[in-house]
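Data block for protein_2.pdb (PDB, C-alpha atoms, pLDDT in the B column):
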```
ATOM      1  CA  MET A  82       0.470 225.698 -22.354  1.00 54.00           C
ATOM      2  CA  ALA A  83       1.099 226.690 -18.717  1.00 61.00           C
ATOM      3  CA  ALA A  84      -0.190 223.305 -17.523  1.00 62.00           C
ATOM      4  CA  THR A  85       2.167 221.528 -19.945  1.00 67.00           C
ATOM      5  CA  THR A  86       5.135 223.631 -18.795  1.00 74.00           C
ATOM      6  CA  SER A  87       4.221 222.957 -15.176  1.00 90.00           C
ATOM      7  CA  GLN A  88       4.006 219.200 -15.804  1.00 94.00           C
ATOM      8  CA  ALA A  89       7.337 219.242 -17.647  1.00 96.00           C
ATOM      9  CA  SER A  90       8.925 221.191 -14.802  1.00 96.00           C
ATOM     10  CA  LEU A  91       7.610 218.772 -12.174  1.00 96.00           C
ATOM     11  CA  LEU A  92       8.780 215.752 -14.161  1.00 97.00           C
ATOM     12  CA  LEU A  93      12.265 217.207 -14.651  1.00 97.00           C
ATOM     13  CA  GLN A  94      12.527 218.087 -10.948  1.00 97.00           C
ATOM     14  CA  LYS A  95      11.584 214.499 -10.088  1.00 97.00           C
ATOM     15  CA  GLN A  96      14.193 213.081 -12.505  1.00 97.00           C
ATOM     16  CA  LEU A  97      16.818 215.399 -11.011  1.00 96.00           C
ATOM     17  CA  ARG A  98      15.945 214.258  -7.457  1.00 96.00           C
ATOM     18  CA  ASP A  99      16.003 210.596  -8.530  1.00 96.00           C
ATOM     19  CA  LEU A 100      19.462 210.988 -10.088  1.00 95.00           C
ATOM     20  CA  ALA A 101      20.724 212.746  -6.946  1.00 94.00           C
ATOM     21  CA  LYS A 102      19.394 209.913  -4.747  1.00 96.00           C
ATOM     22  CA  HIS A 103      20.453 207.111  -7.089  1.00 95.00           C
ATOM     23  CA  PRO A 104      23.459 208.201  -9.182  1.00 94.00           C
ATOM     24  CA  VAL A 105      24.112 206.189 -12.331  1.00 94.00           C
ATOM     25  CA  ASP A 106      27.596 205.011 -13.277  1.00 94.00           C
ATOM     26  CA  GLY A 107      29.048 206.783 -16.280  1.00 96.00           C
ATOM     27  CA  PHE A 108      27.653 210.280 -15.888  1.00 97.00           C
ATOM     28  CA  SER A 109      26.612 213.086 -13.599  1.00 96.00           C
ATOM     29  CA  ALA A 110      23.871 215.620 -14.205  1.00 96.00           C
ATOM     30  CA  GLY A 111      22.623 218.825 -12.665  1.00 96.00           C
ATOM     31  CA  LEU A 112      21.074 222.146 -13.565  1.00 97.00           C
ATOM     32  CA  VAL A 113      23.106 224.770 -15.412  1.00 97.00           C
ATOM     33  CA  ASP A 114      21.274 227.388 -13.324  1.00 96.00           C
ATOM     34  CA  ASP A 115      19.123 226.508 -10.313  1.00 94.00           C
ATOM     35  CA  SER A 116      16.354 228.782 -11.580  1.00 95.00           C
ATOM     36  CA  ASN A 117      15.909 226.867 -14.869  1.00 97.00           C
ATOM     37  CA  VAL A 118      14.966 223.184 -14.723  1.00 97.00           C
ATOM     38  CA  PHE A 119      14.906 223.051 -18.560  1.00 98.00           C
ATOM     39  CA  GLU A 120      18.735 223.402 -18.961  1.00 98.00           C
ATOM     40  CA  TRP A 121      20.941 220.612 -17.613  1.00 98.00           C
ATOM     41  CA  GLN A 122      24.723 220.256 -17.485  1.00 98.00           C
ATOM     42  CA  VAL A 123      25.766 216.645 -18.024  1.00 98.00           C
ATOM     43  CA  THR A 124      29.252 215.181 -17.684  1.00 98.00           C
ATOM     44  CA  ILE A 125      29.713 211.859 -19.433  1.00 98.00           C
ATOM     45  CA  ILE A 126      32.648 209.699 -18.446  1.00 97.00           C
ATOM     46  CA  GLY A 127      34.186 208.022 -21.476  1.00 97.00           C
ATOM     47  CA  PRO A 128      33.051 204.379 -21.429  1.00 96.00           C
ATOM     48  CA  PRO A 129      35.705 201.850 -20.340  1.00 96.00           C
ATOM     49  CA  ASP A 130      37.435 199.874 -23.096  1.00 96.00           C
ATOM     50  CA  THR A 131      36.452 202.384 -25.796  1.00 97.00           C
ATOM     51  CA  LEU A 132      38.433 205.080 -27.573  1.00 97.00           C
ATOM     52  CA  TYR A 133      36.763 207.611 -25.235  1.00 98.00           C
ATOM     53  CA  ASP A 134      37.906 205.818 -22.041  1.00 98.00           C
ATOM     54  CA  GLY A 135      39.273 208.257 -19.461  1.00 97.00           C
ATOM     55  CA  GLY A 136      37.574 211.311 -20.930  1.00 98.00           C
ATOM     56  CA  TYR A 137      35.171 213.683 -19.174  1.00 98.00           C
ATOM     57  CA  PHE A 138      32.840 215.151 -21.759  1.00 98.00           C
ATOM     58  CA  ASN A 139      30.499 218.002 -20.879  1.00 98.00           C
ATOM     59  CA  ALA A 140      27.186 218.542 -22.609  1.00 98.00           C
ATOM     60  CA  ILE A 141      24.122 220.734 -22.281  1.00 98.00           C
ATOM     61  CA  MET A 142      20.726 219.065 -22.368  1.00 98.00           C
ATOM     62  CA  SER A 143      17.939 221.507 -23.271  1.00 98.00           C
ATOM     63  CA  PHE A 144      14.364 220.416 -22.667  1.00 98.00           C
ATOM     64  CA  PRO A 145      11.361 221.821 -24.519  1.00 97.00           C
ATOM     65  CA  GLN A 146       8.415 223.235 -22.594  1.00 96.00           C
ATOM     66  CA  ASN A 147       6.294 220.262 -23.693  1.00 96.00           C
ATOM     67  CA  TYR A 148       8.723 217.590 -22.413  1.00 96.00           C
ATOM     68  CA  PRO A 149       8.240 214.584 -22.350  1.00 96.00           C
ATOM     69  CA  ASN A 150       6.062 214.820 -25.470  1.00 96.00           C
ATOM     70  CA  SER A 151       9.042 216.196 -27.403  1.00 96.00           C
ATOM     71  CA  PRO A 152      12.701 215.261 -26.983  1.00 97.00           C
ATOM     72  CA  PRO A 153      15.431 217.440 -25.526  1.00 98.00           C
ATOM     73  CA  SER A 154      18.423 218.490 -27.564  1.00 98.00           C
ATOM     74  CA  VAL A 155      21.902 217.517 -26.414  1.00 98.00           C
ATOM     75  CA  ARG A 156      25.047 219.382 -27.387  1.00 98.00           C
ATOM     76  CA  PHE A 157      28.572 218.553 -26.290  1.00 98.00           C
ATOM     77  CA  THR A 158      30.424 221.614 -25.051  1.00 98.00           C
ATOM     78  CA  SER A 159      33.635 219.583 -24.818  1.00 97.00           C
ATOM     79  CA  GLU A 160      35.428 218.907 -28.075  1.00 97.00           C
ATOM     80  CA  MET A 161      34.079 215.662 -29.552  1.00 98.00           C
ATOM     81  CA  TRP A 162      35.124 213.701 -32.652  1.00 98.00           C
ATOM     82  CA  HIS A 163      32.435 211.147 -33.461  1.00 98.00           C
ATOM     83  CA  PRO A 164      30.336 210.197 -36.515  1.00 98.00           C
ATOM     84  CA  ASN A 165      27.092 210.872 -34.624  1.00 97.00           C
ATOM     85  CA  VAL A 166      28.037 214.295 -33.246  1.00 98.00           C
ATOM     86  CA  TYR A 167      27.743 217.333 -35.507  1.00 98.00           C
ATOM     87  CA  PRO A 168      30.845 219.568 -35.688  1.00 97.00           C
ATOM     88  CA  ASP A 169      29.011 222.082 -33.436  1.00 98.00           C
ATOM     89  CA  GLY A 170      28.568 219.386 -30.749  1.00 98.00           C
ATOM     90  CA  ARG A 171      24.902 218.476 -31.316  1.00 98.00           C
ATOM     91  CA  VAL A 172      24.211 214.797 -30.700  1.00 98.00           C
ATOM     92  CA  CYS A 173      22.373 212.911 -33.428  1.00 95.00           C
ATOM     93  CA  ILE A 174      20.793 209.683 -32.221  1.00 95.00           C
ATOM     94  CA  SER A 175      17.386 208.280 -33.087  1.00 92.00           C
ATOM     95  CA  ILE A 176      15.801 208.698 -29.662  1.00 94.00           C
ATOM     96  CA  LEU A 177      16.419 212.460 -29.843  1.00 96.00           C
ATOM     97  CA  HIS A 178      14.473 212.760 -33.103  1.00 93.00           C
ATOM     98  CA  PRO A 179      10.830 213.891 -32.906  1.00 92.00           C
ATOM     99  CA  PRO A 180       8.237 211.143 -32.495  1.00 90.00           C
ATOM    100  CA  GLY A 181       6.495 209.606 -35.473  1.00 88.00           C
ATOM    101  CA  GLU A 182       7.566 208.536 -38.915  1.00 84.00           C
ATOM    102  CA  ASP A 183      10.974 209.600 -40.229  1.00 84.00           C
ATOM    103  CA  PRO A 184      10.418 211.903 -43.225  1.00 84.00           C
ATOM    104  CA  ASN A 185      13.695 210.586 -44.706  1.00 80.00           C
ATOM    105  CA  GLY A 186      12.791 206.932 -44.193  1.00 78.00           C
ATOM    106  CA  TYR A 187      15.991 206.017 -42.305  1.00 82.00           C
ATOM    107  CA  GLU A 188      14.448 205.226 -38.929  1.00 84.00           C
ATOM    108  CA  LEU A 189      11.462 203.302 -37.711  1.00 86.00           C
ATOM    109  CA  ALA A 190       8.987 205.263 -35.608  1.00 87.00           C
ATOM    110  CA  SER A 191       9.805 202.853 -32.756  1.00 87.00           C
ATOM    111  CA  GLU A 192      13.449 204.018 -32.791  1.00 90.00           C
ATOM    112  CA  ARG A 193      12.539 207.687 -32.374  1.00 90.00           C
ATOM    113  CA  TRP A 194      11.547 209.702 -29.309  1.00 95.00           C
ATOM    114  CA  THR A 195       8.824 208.418 -27.015  1.00 93.00           C
ATOM    115  CA  PRO A 196       7.714 210.072 -23.758  1.00 94.00           C
ATOM    116  CA  VAL A 197       8.927 207.100 -21.699  1.00 93.00           C
ATOM    117  CA  HIS A 198      12.543 208.247 -22.102  1.00 95.00           C
ATOM    118  CA  THR A 199      14.211 209.912 -19.129  1.00 95.00           C
ATOM    119  CA  VAL A 200      17.432 211.848 -18.632  1.00 95.00           C
ATOM    120  CA  GLU A 201      18.992 208.545 -17.575  1.00 95.00           C
ATOM    121  CA  SER A 202      17.884 206.617 -20.679  1.00 96.00           C
ATOM    122  CA  ILE A 203      19.013 209.463 -22.954  1.00 97.00           C
ATOM    123  CA  VAL A 204      22.480 209.695 -21.422  1.00 97.00           C
ATOM    124  CA  LEU A 205      22.872 205.906 -21.400  1.00 96.00           C
ATOM    125  CA  SER A 206      22.006 205.949 -25.123  1.00 96.00           C
ATOM    126  CA  ILE A 207      24.703 208.573 -25.699  1.00 97.00           C
ATOM    127  CA  ILE A 208      27.216 206.451 -23.778  1.00 97.00           C
ATOM    128  CA  SER A 209      26.223 203.510 -25.984  1.00 96.00           C
ATOM    129  CA  MET A 210      26.687 205.728 -29.064  1.00 97.00           C
ATOM    130  CA  LEU A 211      30.249 206.516 -27.921  1.00 97.00           C
ATOM    131  CA  SER A 212      30.908 202.780 -27.667  1.00 95.00           C
ATOM    132  CA  SER A 213      29.369 201.929 -31.048  1.00 94.00           C
ATOM    133  CA  PRO A 214      29.344 204.707 -33.658  1.00 94.00           C
ATOM    134  CA  ASN A 215      26.706 204.467 -36.379  1.00 91.00           C
ATOM    135  CA  ASP A 216      28.372 205.507 -39.617  1.00 89.00           C
ATOM    136  CA  GLU A 217      25.310 204.613 -41.716  1.00 86.00           C
ATOM    137  CA  SER A 218      23.672 208.031 -41.210  1.00 85.00           C
ATOM    138  CA  PRO A 219      26.406 210.257 -39.811  1.00 93.00           C
ATOM    139  CA  ALA A 220      26.038 213.755 -38.413  1.00 95.00           C
ATOM    140  CA  ASN A 221      29.759 214.386 -38.947  1.00 97.00           C
ATOM    141  CA  ILE A 222      30.605 213.069 -42.405  1.00 96.00           C
ATOM    142  CA  GLU A 223      34.359 213.655 -42.009  1.00 97.00           C
ATOM    143  CA  ALA A 224      34.455 211.695 -38.746  1.00 98.00           C
ATOM    144  CA  ALA A 225      32.432 208.869 -40.334  1.00 97.00           C
ATOM    145  CA  LYS A 226      34.765 208.685 -43.350  1.00 97.00           C
ATOM    146  CA  GLU A 227      37.773 208.605 -41.044  1.00 97.00           C
ATOM    147  CA  TRP A 228      36.115 205.945 -38.846  1.00 97.00           C
ATOM    148  CA  ARG A 229      35.603 203.763 -41.944  1.00 96.00           C
ATOM    149  CA  GLU A 230      38.715 204.491 -43.998  1.00 97.00           C
ATOM    150  CA  LYS A 231      41.463 205.886 -41.733  1.00 97.00           C
ATOM    151  CA  ARG A 232      40.868 204.337 -38.324  1.00 97.00           C
ATOM    152  CA  GLU A 233      44.319 205.289 -36.968  1.00 98.00           C
ATOM    153  CA  ASP A 234      43.732 208.976 -37.783  1.00 98.00           C
ATOM    154  CA  PHE A 235      40.307 208.735 -36.157  1.00 98.00           C
ATOM    155  CA  LYS A 236      41.843 207.231 -33.003  1.00 98.00           C
ATOM    156  CA  LYS A 237      44.437 210.029 -32.806  1.00 98.00           C
ATOM    157  CA  LYS A 238      41.748 212.724 -32.969  1.00 98.00           C
ATOM    158  CA  VAL A 239      39.677 210.997 -30.295  1.00 98.00           C
ATOM    159  CA  LYS A 240      42.750 210.634 -28.044  1.00 98.00           C
ATOM    160  CA  ARG A 241      43.345 214.372 -28.412  1.00 98.00           C
ATOM    161  CA  CYS A 242      39.719 215.037 -27.384  1.00 98.00           C
ATOM    162  CA  VAL A 243      40.145 212.743 -24.350  1.00 98.00           C
ATOM    163  CA  ARG A 244      43.354 214.541 -23.303  1.00 98.00           C
ATOM    164  CA  LYS A 245      41.704 217.955 -23.677  1.00 97.00           C
ATOM    165  CA  SER A 246      38.711 216.817 -21.642  1.00 97.00           C
ATOM    166  CA  GLN A 247      41.003 215.634 -18.830  1.00 96.00           C
ATOM    167  CA  GLU A 248      42.781 219.002 -18.764  1.00 93.00           C
ATOM    168  CA  MET A 249      39.450 220.830 -18.513  1.00 82.00           C
ATOM    169  CA  PHE A 250      38.095 218.573 -15.766  1.00 73.00           C
TER     170      PHE A 250
END
```
Do you think you could lay out the structure here as structure tokens?
Amino acid sequence: MAATTSQASLLLQKQLRDLAKHPVDGFSAGLVDDSNVFEWQVTIIGPPDTLYDGGYFNAIMSFPQNYPNSPPSVRFTSEMWHPNVYPDGRVCISILHPPGEDPNGYELASERWTPVHTVESIVLSIISMLSSPNDESPANIEAAKEWREKREDFKKKVKRCVRKSQEMF
């Protein structure tokens, strides 16, 4: 187990250095606490030309000790109204689901976590999720219903989240 933790720690340190040297448009990332490479603070900039445009959304990315064999969890700490974000802020996208077959049969194994994913690919997938909600298997059923049936109400709630995120930034 210690060797796995050490490998995970080294890999995460490398990804952190790479992001510092080569920042990626759309987000910033760093450690919550310099003594713990397994907890990252991520700020996602709302993608242009989407309902989230102009927002600054904070999230915590928590990595397991056996990363990259298992996926991290991602939880927005900023208020977020989205079909694929649980009311408590947890992000629900396929690449964050454990590797292998989906016990519920909704996802192909190829859509789920694989060890080739990096912090960058995860955050870019979340940015893509903000641009294109998947209301087929929602994490937030109320947001998904509103997205489908009451789009104007959905837009108002998202605008409120964007405004709040700008005030906090």
Worksheet item: Which protein, DNA or RNA residues have an atom at most 10 Å from (39.7, 212.6, -15.4), counting all atoms listed in the file? List them as a PyMOL selection string.
Response: chain A and resi 126-127+134-138+243-244+246-250
Do you know which residues the PyMOL selection byres ((chain A and resi 118-125) around 9) returns on this file, as a PDB file with C-alpha atoms, in the frame of the given file?
```pdb
ATOM      1  CA  ALA A  89       7.337 219.242 -17.647  1.00 96.00           C
ATOM      2  CA  SER A  90       8.925 221.191 -14.802  1.00 96.00           C
ATOM      3  CA  LEU A  91       7.610 218.772 -12.174  1.00 96.00           C
ATOM      4  CA  LEU A  93      12.265 217.207 -14.651  1.00 97.00           C
ATOM      5  CA  GLN A  94      12.527 218.087 -10.948  1.00 97.00           C
ATOM      6  CA  LEU A  97      16.818 215.399 -11.011  1.00 96.00           C
ATOM      7  CA  GLY A 107      29.048 206.783 -16.280  1.00 96.00           C
ATOM      8  CA  PHE A 108      27.653 210.280 -15.888  1.00 97.00           C
ATOM      9  CA  SER A 109      26.612 213.086 -13.599  1.00 96.00           C
ATOM     10  CA  ALA A 110      23.871 215.620 -14.205  1.00 96.00           C
ATOM     11  CA  GLY A 111      22.623 218.825 -12.665  1.00 96.00           C
ATOM     12  CA  LEU A 112      21.074 222.146 -13.565  1.00 97.00           C
ATOM     13  CA  VAL A 113      23.106 224.770 -15.412  1.00 97.00           C
ATOM     14  CA  ASP A 114      21.274 227.388 -13.324  1.00 96.00           C
ATOM     15  CA  ASP A 115      19.123 226.508 -10.313  1.00 94.00           C
ATOM     16  CA  SER A 116      16.354 228.782 -11.580  1.00 95.00           C
ATOM     17  CA  ASN A 117      15.909 226.867 -14.869  1.00 97.00           C
ATOM     18  CA  ILE A 126      32.648 209.699 -18.446  1.00 97.00           C
ATOM     19  CA  GLY A 127      34.186 208.022 -21.476  1.00 97.00           C
ATOM     20  CA  PRO A 128      33.051 204.379 -21.429  1.00 96.00           C
ATOM     21  CA  GLY A 136      37.574 211.311 -20.930  1.00 98.00           C
ATOM     22  CA  TYR A 137      35.171 213.683 -19.174  1.00 98.00           C
ATOM     23  CA  PHE A 138      32.840 215.151 -21.759  1.00 98.00           C
ATOM     24  CA  ASN A 139      30.499 218.002 -20.879  1.00 98.00           C
ATOM     25  CA  ALA A 140      27.186 218.542 -22.609  1.00 98.00           C
ATOM     26  CA  ILE A 141      24.122 220.734 -22.281  1.00 98.00           C
ATOM     27  CA  MET A 142      20.726 219.065 -22.368  1.00 98.00           C
ATOM     28  CA  SER A 143      17.939 221.507 -23.271  1.00 98.00           C
ATOM     29  CA  PHE A 144      14.364 220.416 -22.667  1.00 98.00           C
ATOM     30  CA  PRO A 145      11.361 221.821 -24.519  1.00 97.00           C
ATOM     31  CA  GLN A 146       8.415 223.235 -22.594  1.00 96.00           C
ATOM     32  CA  PRO A 153      15.431 217.440 -25.526  1.00 98.00           C
ATOM     33  CA  PHE A 157      28.572 218.553 -26.290  1.00 98.00           C
ATOM     34  CA  VAL A 204      22.480 209.695 -21.422  1.00 97.00           C
ATOM     35  CA  ILE A 207      24.703 208.573 -25.699  1.00 97.00           C
ATOM     36  CA  ILE A 208      27.216 206.451 -23.778  1.00 97.00           C
TER      37      ILE A 208
END
```
Discussion item. Between atom CA of A:Asp216 and atom CA of A:Pro164, what distance in Å does the model show, to one decimal?
Written reply: 6.0 Å
Stretch 88-99 of chain A: axis-aligned bounding box, 6 Å on each side, centre and edge lengths in Å, one decimal, as JSON:
```
{"center_x": 10.4, "center_y": 215.9, "center_z": -12.6, "size_x": 24.8, "size_y": 22.6, "size_z": 22.2}
```
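For the atom pair formed by atom CA of A:Trp194 and atom CA of A:Pro149, the distance is 9.1 Å, given to one decimal.
Candidate residues A:Asn221, A:Ser213, A:Ser87, A:Ser151 were compared for distance to A:Cys173, and the nearest is A:Asn221, using all atoms listed in the file.
The coordinates place atom CA of A:Arg193 at 4.9 Å from atom CA of A:Ser175.
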